[in-house]
Amino acid sequence: MEPFLWEHFGNPSSGHAFARPCKTAIDTARVQVADMLGCDASEVMFTSSGSESDNHAVASAVQHAVDARGVPVPHVVTCAIEHPAILEYLIAEAAAGRLTYTAVGVDAAGVVDPAHVAAAVTPDTCLVSIMHANNEVGAVQPVAAVAAAARAANPHVLIHTDAAQSCGKIPVKLHASNPDH
């Protein structure tokens with residue numbers, strides 16, 4: 001990052017000479033992340049933080065349920081040991097009346113049961129958010145099985161997984177987990 005703090009400081013979206021090294025670096029990073037995740041570079045978006053990414057995923061799924069499906073108060077399903085970036089956002093949005101949520105419990109190893117997730121899904125559920133690997137206990141969640149079970153319960157439900165704790169530690173292949181976000 002050091003060259004981008006002192007030497008290369010152009011806006012990568014601009015067309016001038018100062019922007020080119022920055023745009024090249026971002027494009028290269030996008031391809032590297034896509035290779036790691038087994039997806040296309042066009043599917044990779046960068047944000048300023050994991051919390052921003054998580055909050056955006058929830059907010060956009062909730063807004064989509066309101067706008068496209070006419071759900072007045074969308075429902076979100078997560079698990080009890082989800083990252084605070086998700087849990088705290090859900091608590092705040094529920095307190096404001098913008099959504100409801102269910103936090104499904106986990107077993108003794110910290111793993112969520114896909115059947116329990118599916119049982120929590122309602123017709124108003126717009127999103128299931130289950131982190132790939134828990135940052136506290138290290139439990140790796142069965143995201144693909146959760147996605148299949150949730151979509152069987154409600155075909156309109158979107159799937160989100162925060163894989164920030166997994167990337168670089170265990171293999172993460174985006175399409176194998178079958179998330180939408």
# chains A, B, ... in the order shown; residues from 1 in each chain; ligands from 1
call {"tool": "residues_around", "arguments": {"residues": "A:Gly70", "least_positions_apart": "4", "cutoff": "12 Å", "atoms": "only C-alpha atoms", "output": "list in words"}}
result
Val62, Gln63, His64, Ala65, Val66, Pro74, Pro123, Asp124, Thr125 and Cys126 of chain A
call {"tool": "closest_atom_pairs", "arguments": {"of": "stretch 50-118 of chain A", "to": "stretch 144-147 of chain A", "cutoff": "9 Å", "atoms": "only C-alpha atoms", "output": "Markdown table"}}
result
| residue | atom | partner | partner_atom | distance |
| --- | --- | --- | --- | --- |
| A:Val112 | CA | A:Val146 | CA | 8.4 |
| A:Asp113 | CA | A:Val146 | CA | 7.6 |
| A:Pro114 | CA | A:Val146 | CA | 4.5 |
| A:Ala115 | CA | A:Val146 | CA | 7.7 |
| A:Val117 | CA | A:Val146 | CA | 6.8 |
| A:Ala118 | CA | A:Val146 | CA | 7.5 |
call {"tool": "write_last_selection", "arguments": {"atoms": "N, CA and C atoms", "output": "PDB file, in the first residue's frame"}}
result
ATOM      1  N   VAL A 112     -24.468 -24.154  12.563  1.00  0.00           N
ATOM      2  CA  VAL A 112     -25.905 -23.989  12.375  1.00  0.00           C
ATOM      3  C   VAL A 112     -26.451 -25.175  11.584  1.00  0.00           C
ATOM      4  N   ASP A 113     -27.656 -25.601  11.917  1.00  0.00           N
ATOM      5  CA  ASP A 113     -28.316 -26.698  11.210  1.00  0.00           C
ATOM      6  C   ASP A 113     -29.144 -26.105  10.069  1.00  0.00           C
ATOM      7  N   PRO A 114     -28.879 -26.500   8.813  1.00  0.00           N
ATOM      8  CA  PRO A 114     -29.657 -25.967   7.689  1.00  0.00           C
ATOM      9  C   PRO A 114     -31.162 -26.156   7.855  1.00  0.00           C
ATOM     10  N   ALA A 115     -31.587 -27.243   8.485  1.00  0.00           N
ATOM     11  CA  ALA A 115     -33.023 -27.476   8.702  1.00  0.00           C
ATOM     12  C   ALA A 115     -33.607 -26.435   9.655  1.00  0.00           C
ATOM     13  N   VAL A 117     -32.467 -23.380   9.991  1.00  0.00           N
ATOM     14  CA  VAL A 117     -32.534 -22.140   9.208  1.00  0.00           C
ATOM     15  C   VAL A 117     -33.788 -22.156   8.345  1.00  0.00           C
ATOM     16  N   ALA A 118     -34.012 -23.256   7.641  1.00  0.00           N
ATOM     17  CA  ALA A 118     -35.191 -23.370   6.769  1.00  0.00           C
ATOM     18  C   ALA A 118     -36.477 -23.214   7.574  1.00  0.00           C
TER      19      ALA A 118
END
call {"tool": "atom_distance", "arguments": {"atom1": "atom CA of A:Leu90", "atom2": "atom CA of A:Ser49"}}
result
17.6 Å
call {"tool": "residues_around", "arguments": {"residues": "A:Met1", "least_positions_apart": "4", "cutoff": "12 Å", "atoms": "only C-alpha atoms", "output": "list in words"}}
result
Leu5, Trp6, Glu7, His8, Phe9, Cys22, Ala25, Ile26 and Ala29 of chain A
call {"tool": "atom_distance", "arguments": {"atom1": "atom CA of A:Val31", "atom2": "atom CA of A:Thr47"}}
result
15.6 Å
call {"tool": "select_by_dssp", "arguments": {"residues": "chain A", "states": "alpha helix (DSSP H)", "output": "PyMOL selection string"}}
result
chain A and resi 2-6+20-37+50-69+84-95+114-120+143-153+174-177
call {"tool": "residues_around", "arguments": {"residues": "stretch 156-170 of chain A", "least_positions_apart": "2", "cutoff": "9 Å", "atoms": "only C-alpha atoms", "output": "number ranges by chain"}}
result
A: 36-37, 50, 53-54, 57-58, 61, 65, 69, 83, 121, 123-135, 138, 140, 143, 146-147, 150-151, 153-154, 172, 177-181
call {"tool": "write_last_selection", "arguments": {"atoms": "N, CA and C atoms", "output": "short mmCIF file (atom, residue, chain, number, x, y, z; two decimals), in the first residue's frame"}}
result
data_model
loop_
_atom_site.label_atom_id
_atom_site.label_comp_id
_atom_site.auth_asym_id
_atom_site.auth_seq_id
_atom_site.Cartn_x
_atom_site.Cartn_y
_atom_site.Cartn_z
N MET A 36 -9.02 -16.22 -6.33
CA MET A 36 -9.08 -16.88 -5.03
C MET A 36 -10.49 -17.41 -4.76
N LEU A 37 -11.52 -16.66 -5.17
CA LEU A 37 -12.91 -17.02 -4.90
C LEU A 37 -13.52 -17.90 -5.98
N GLY A 50 -15.42 -4.65 5.98
CA GLY A 50 -16.35 -5.78 6.04
C GLY A 50 -17.70 -5.37 6.59
N SER A 53 -19.69 -3.74 3.92
CA SER A 53 -20.17 -4.76 2.98
C SER A 53 -21.37 -5.51 3.55
N ASP A 54 -21.25 -5.95 4.81
CA ASP A 54 -22.35 -6.67 5.45
C ASP A 54 -23.61 -5.81 5.53
N ALA A 57 -25.25 -5.43 2.18
CA ALA A 57 -25.94 -6.65 1.76
C ALA A 57 -27.32 -6.74 2.41
N VAL A 58 -27.39 -6.49 3.70
CA VAL A 58 -28.68 -6.56 4.40
C VAL A 58 -29.61 -5.45 3.90
N ALA A 61 -30.96 -6.13 0.36
CA ALA A 61 -31.93 -7.23 0.33
C ALA A 61 -33.27 -6.78 0.90
N ALA A 65 -36.84 -6.42 -1.16
CA ALA A 65 -38.08 -7.08 -0.73
C ALA A 65 -39.24 -6.08 -0.67
N ARG A 69 -41.04 -6.96 -4.11
CA ARG A 69 -42.01 -7.95 -3.67
C ARG A 69 -43.13 -7.37 -2.83
N HIS A 83 -21.44 -12.55 13.08
CA HIS A 83 -20.55 -11.42 13.36
C HIS A 83 -21.38 -10.20 13.79
N VAL A 121 -37.40 -19.60 8.08
CA VAL A 121 -37.75 -18.83 6.89
C VAL A 121 -39.26 -18.72 6.77
N PRO A 123 -42.66 -16.50 4.54
CA PRO A 123 -42.91 -15.87 3.23
C PRO A 123 -42.32 -14.46 3.12
N ASP A 124 -42.12 -13.78 4.25
CA ASP A 124 -41.55 -12.43 4.24
C ASP A 124 -40.03 -12.41 4.37
N THR A 125 -39.41 -13.57 4.47
CA THR A 125 -37.95 -13.61 4.59
C THR A 125 -37.32 -13.18 3.27
N CYS A 126 -36.46 -12.19 3.35
CA CYS A 126 -35.79 -11.69 2.16
C CYS A 126 -34.33 -12.12 2.10
N LEU A 127 -33.76 -12.47 3.26
CA LEU A 127 -32.32 -12.74 3.32
C LEU A 127 -32.01 -13.75 4.41
N VAL A 128 -31.09 -14.64 4.10
CA VAL A 128 -30.45 -15.48 5.11
C VAL A 128 -28.98 -15.11 5.09
N SER A 129 -28.45 -14.71 6.23
CA SER A 129 -27.05 -14.30 6.33
C SER A 129 -26.34 -15.20 7.34
N ILE A 130 -25.45 -16.04 6.84
CA ILE A 130 -24.68 -16.96 7.68
C ILE A 130 -23.21 -16.80 7.31
N MET A 131 -22.39 -16.41 8.27
CA MET A 131 -20.97 -16.23 7.97
C MET A 131 -20.31 -17.57 7.66
N HIS A 132 -19.32 -17.55 6.80
CA HIS A 132 -18.67 -18.78 6.35
C HIS A 132 -17.89 -19.44 7.48
N ALA A 133 -17.03 -18.69 8.14
CA ALA A 133 -16.26 -19.20 9.28
C ALA A 133 -16.35 -18.20 10.41
N ASN A 134 -16.70 -18.68 11.57
CA ASN A 134 -16.88 -17.79 12.71
C ASN A 134 -15.55 -17.29 13.22
N ASN A 135 -15.45 -16.00 13.46
CA ASN A 135 -14.21 -15.36 13.89
C ASN A 135 -13.86 -15.66 15.35
N GLY A 138 -14.27 -20.41 15.21
CA GLY A 138 -13.69 -21.05 14.05
C GLY A 138 -14.59 -22.04 13.33
N VAL A 140 -16.86 -23.66 10.77
CA VAL A 140 -17.12 -23.43 9.35
C VAL A 140 -18.56 -23.86 9.09
N VAL A 143 -22.66 -23.43 4.32
CA VAL A 143 -23.37 -22.37 3.61
C VAL A 143 -24.16 -22.91 2.41
N VAL A 146 -27.21 -24.61 3.72
CA VAL A 146 -28.11 -23.58 4.24
C VAL A 146 -28.84 -22.90 3.08
N ALA A 147 -28.09 -22.55 2.04
CA ALA A 147 -28.69 -21.89 0.88
C ALA A 147 -29.76 -22.77 0.24
N ALA A 150 -32.85 -23.00 2.62
CA ALA A 150 -33.58 -21.73 2.69
C ALA A 150 -34.35 -21.47 1.41
N ARG A 151 -33.72 -21.73 0.27
CA ARG A 151 -34.40 -21.51 -1.02
C ARG A 151 -35.54 -22.50 -1.23
N ALA A 153 -37.44 -23.45 1.19
CA ALA A 153 -38.51 -22.90 2.04
C ALA A 153 -39.13 -21.65 1.43
N ASN A 154 -38.34 -20.87 0.70
CA ASN A 154 -38.83 -19.63 0.09
C ASN A 154 -37.92 -19.32 -1.11
N VAL A 172 -12.20 -20.97 -0.35
CA VAL A 172 -13.52 -20.36 -0.46
C VAL A 172 -13.81 -20.22 -1.95
N SER A 177 -20.58 -22.22 -2.70
CA SER A 177 -21.38 -21.89 -1.52
C SER A 177 -22.77 -21.41 -1.89
N ASN A 178 -22.95 -20.99 -3.12
CA ASN A 178 -24.23 -20.58 -3.67
C ASN A 178 -24.86 -19.36 -3.02
N PRO A 179 -24.06 -18.37 -2.59
CA PRO A 179 -24.67 -17.15 -2.05
C PRO A 179 -25.04 -16.17 -3.17
N ASP A 180 -25.88 -15.21 -2.82
CA ASP A 180 -26.20 -14.12 -3.74
C ASP A 180 -25.31 -12.92 -3.47
N HIS A 181 -24.88 -12.73 -2.21
CA HIS A 181 -24.06 -11.58 -1.81
C HIS A 181 -22.78 -12.11 -1.21
#
call {"tool": "closest_residue", "arguments": {"among": "A:Val73, A:Cys79, A:Ala19, A:Val33", "to": "A:Ala95", "atoms": "only C-alpha atoms"}}
result
A:Val73
call {"tool": "atom_distance", "arguments": {"atom1": "atom CA of A:Ala59", "atom2": "atom CA of A:His116"}}
result
23.6 Å
call {"tool": "decode", "arguments": {"residues": "stretch 85-97 of chain A", "atoms": "N, CA and C atoms", "output": "PDB file, in the first residue's frame"}}
result
ATOM      1  N   ALA A  85     -21.204  -7.235  12.953  1.00  0.00           N
ATOM      2  CA  ALA A  85     -21.550  -6.346  11.832  1.00  0.00           C
ATOM      3  C   ALA A  85     -22.943  -6.664  11.311  1.00  0.00           C
ATOM      4  N   ILE A  86     -23.351  -7.918  11.376  1.00  0.00           N
ATOM      5  CA  ILE A  86     -24.700  -8.310  10.978  1.00  0.00           C
ATOM      6  C   ILE A  86     -25.657  -8.174  12.156  1.00  0.00           C
ATOM      7  N   LEU A  87     -25.326  -8.791  13.289  1.00  0.00           N
ATOM      8  CA  LEU A  87     -26.264  -8.808  14.426  1.00  0.00           C
ATOM      9  C   LEU A  87     -26.623  -7.409  14.916  1.00  0.00           C
ATOM     10  N   GLU A  88     -25.637  -6.559  15.074  1.00  0.00           N
ATOM     11  CA  GLU A  88     -25.921  -5.206  15.576  1.00  0.00           C
ATOM     12  C   GLU A  88     -26.741  -4.400  14.575  1.00  0.00           C
ATOM     13  N   TYR A  89     -26.478  -4.598  13.286  1.00  0.00           N
ATOM     14  CA  TYR A  89     -27.262  -3.917  12.258  1.00  0.00           C
ATOM     15  C   TYR A  89     -28.708  -4.396  12.307  1.00  0.00           C
ATOM     16  N   LEU A  90     -28.913  -5.714  12.434  1.00  0.00           N
ATOM     17  CA  LEU A  90     -30.274  -6.246  12.512  1.00  0.00           C
ATOM     18  C   LEU A  90     -31.005  -5.726  13.748  1.00  0.00           C
ATOM     19  N   ILE A  91     -30.315  -5.668  14.874  1.00  0.00           N
ATOM     20  CA  ILE A  91     -30.918  -5.152  16.099  1.00  0.00           C
ATOM     21  C   ILE A  91     -31.368  -3.701  15.900  1.00  0.00           C
ATOM     22  N   ALA A  92     -30.503  -2.889  15.325  1.00  0.00           N
ATOM     23  CA  ALA A  92     -30.826  -1.469  15.115  1.00  0.00           C
ATOM     24  C   ALA A  92     -31.969  -1.297  14.123  1.00  0.00           C
ATOM     25  N   GLU A  93     -31.943  -2.032  13.026  1.00  0.00           N
ATOM     26  CA  GLU A  93     -33.002  -1.904  12.016  1.00  0.00           C
ATOM     27  C   GLU A  93     -34.334  -2.451  12.526  1.00  0.00           C
ATOM     28  N   ALA A  94     -34.286  -3.500  13.333  1.00  0.00           N
ATOM     29  CA  ALA A  94     -35.521  -4.029  13.928  1.00  0.00           C
ATOM     30  C   ALA A  94     -36.108  -3.021  14.923  1.00  0.00           C
ATOM     31  N   ALA A  95     -35.256  -2.382  15.693  1.00  0.00           N
ATOM     32  CA  ALA A  95     -35.722  -1.371  16.645  1.00  0.00           C
ATOM     33  C   ALA A  95     -36.367  -0.194  15.919  1.00  0.00           C
ATOM     34  N   ALA A  96     -35.900   0.095  14.715  1.00  0.00           N
ATOM     35  CA  ALA A  96     -36.464   1.186  13.914  1.00  0.00           C
ATOM     36  C   ALA A  96     -37.702   0.739  13.138  1.00  0.00           C
ATOM     37  N   GLY A  97     -38.046  -0.546  13.220  1.00  0.00           N
ATOM     38  CA  GLY A  97     -39.235  -1.055  12.549  1.00  0.00           C
ATOM     39  C   GLY A  97     -39.064  -1.337  11.072  1.00  0.00           C
TER      40      GLY A  97
END
